[in-house]
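Engineer: Okay, handing you the structure first.
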Amino acid sequence: MIKFENVYKQYDNGHTVLKNLNLHCKEGEITVFIGPSGCGKTTTMKLINRLIEPTKGKVLVNDVDISTISPVKLRRSIGYVIQHVGLFPHMTIADNVAVVPRLLEWEEDRIQKQVKNLLDMVNLKADTYADRYPSELSGGQQQRIGVIRAFAAEQSIILMDEPFSALDPISREQLQDELIRLQKDIKKTIIFVTHDMDEAIRIADKIVLMRSGKILQEGTPEEILRRPANDFVKNFIGKKRLAQFEAIPESEEVMTRKPVTILPSRGLAESIKIMERKQVDSLMVVDTKDRLQGYITIYDVLQQFKDETKRVGDIMHTFEHVIAPDTLLNQTIELMDEHKLPYVPVVKDDQTLVGLVTRGTIVGHLSDIYSGNEGL
């Protein structure tokens, strides 16, 4: 979606801000730039909408060199949220949200519908807030308007330059939650600049950690926390965060390693026999190389049992959710809770089934921890 190819930025005084930057920001993800002051994170973000031009190198959006696009046209196609909101004080909230759609000459009915939908999305009902002015809103409410204004013209790219840093901790946390919730629905490509590691870990699909105009490390929050590249990254993350992370077990440590399986070619009578013998009410369906195919339950078998032509593969369900062996237990619990799952399969990259995390194995693991701490 967004690519930086061998990008340098040097100012007239000779100061080099960016040094051979190469980066790919994927479509539909939140990429967070973070690092100490002066590391180049904001400069990198401003290259995307040509508020700053590179000295050397290219910035591409959807494989198009943005230097070939009119800056005005480019900026109207990209949403932008800044730290101090930047709402127009003489305009109503509705008019503030509608600024870019009107510049793009949308029909008024479409604009009004979009304004109402966006206000509703951030729990600021249009009937109550549309005709108010920015001065009548709290700081957190104003920042919400700044966020949805960036989404108003349905731009595919949103730039967010430390948008929540001026807020109190409670408002900041609420807006982080709001952004995560919105992103699940709208799937924009978001570039987010922050100096707060907790914020980056919380919202990012990918973290880009910078220092002195270079990328020191990039990866998912889990990858950064699990494998910090060097001492500077470790110190920037902080020993306390790393210690908390290291204390969380991986799913491989919690799973049962011998789930009861059956081949898709086997008959239904045999599946009942296996369930009875192993005292389970479902079976994992795997191929001859132990690659996960799906699952069947006792209820599926009983419904189809009279049809002697049916095989396990004919009645099995596929899994919507699986996890890797190194998935953290807290993430697994969140997944199971969100989707009301009694268990979740643990598979390798090639889909080989290696275990199951169940509610029982989680309770057993926690029980072992607490029983092991007795007397301390």
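Lettering and numbering for the structure tokens are positional, with chains as A, B, ... in the shown order, residues counted from 1 in each chain, and ligands counted from 1 in the shown order.
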List every residue of stretch 48-177 of chain A that DSSP, applied to the backbone of this structure, assigns to alpha helix (DSSP H), and report them as a PyMOL selection string.
Structural biologist: chain A and resi 48+71-76+93-97+99-103+108-121+126-129+139-151+169-177
Engineer: Quick one: residues within 9 Å of A:Arg202, only C-alpha atoms, excluding same-chain residues fewer than 5 positions away - as a short mmCIF file (atom, residue, chain, number, x, y, z; two decimals) with C-alpha atoms, in the first residue's frame?
Structural biologist:
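To be explicit, this is the file written out as out24.cif:
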data_model
loop_
_atom_site.label_atom_id
_atom_site.label_comp_id
_atom_site.auth_asym_id
_atom_site.auth_seq_id
_atom_site.Cartn_x
_atom_site.Cartn_y
_atom_site.Cartn_z
CA GLN A 176 -7.47 4.30 21.84
CA ASP A 177 -10.32 1.86 22.39
CA ILE A 180 -9.37 -0.03 17.71
CA MET A 197 5.22 2.60 23.96
CA PRO A 221 3.96 -5.75 19.00
#
Engineer: Can you tell me, as a list in words, what residues are no more than 9 Å from A:Asp131 when counting only C-alpha atoms, ignoring any on the same chain fewer than 4 positions away?
Structural biologist: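 Within the cut-off, the hits are Met91, Thr92, Ile93, Ala94, Asp95, Ala126 and Asp127 of chain A.
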Engineer: For the strand (DSSP E) assignment from backbone DSSP, which residues of stretch 101-176 of chain A qualify? Please present them as a ChimeraX atom specification.
Structural biologist: /A:157-161
Engineer: Just how far from atom CA of A:Thr361 is atom CA of A:Leu302, in Å to one decimal?
Structural biologist: 27.5 Å
Engineer: Rounded to one decimal, what separation in Å do you get between atom CA of A:Tyr299 and atom CA of A:Leu353?
Structural biologist: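 Atom-to-atom, atom CA of A:Tyr299 and atom CA of A:Leu353 are spaced 22.9 Å apart.
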Engineer: Extract, using only C-alpha atoms, all DNA, RNA and protein residues at most 7 Å from stretch 44-55 of chain A, discarding same-chain residues fewer than 5 positions from it, and format them as a PyMOL selection string.
Structural biologist: chain A and resi 7-10+71+74-75+191
Engineer: Stretch 27-42 of chain A: which residues within 7 Å, counting only C-alpha atoms, same-chain residues fewer than 2 positions away excluded, as an MDAnalysis selection string?
Structural biologist: chainID A and resid 1 17:18 25 44:46 187:195 200 204:213
Engineer: If we count only C-alpha atoms, what is near A:Phe4 at a cut-off of 8 Å, once residues fewer than 2 positions away on the same chain are taken out, given as a PyMOL selection string?
Structural biologist: chain A and resi 2+6-7+21-24+57-60
Engineer: Rank A:Arg144, A:Arg277, A:Arg102, A:Lys240 by their smallest atom-to-atom distance to A:Pro163, using only C-alpha atoms, and report the top residue only.
Structural biologist: A:Arg144
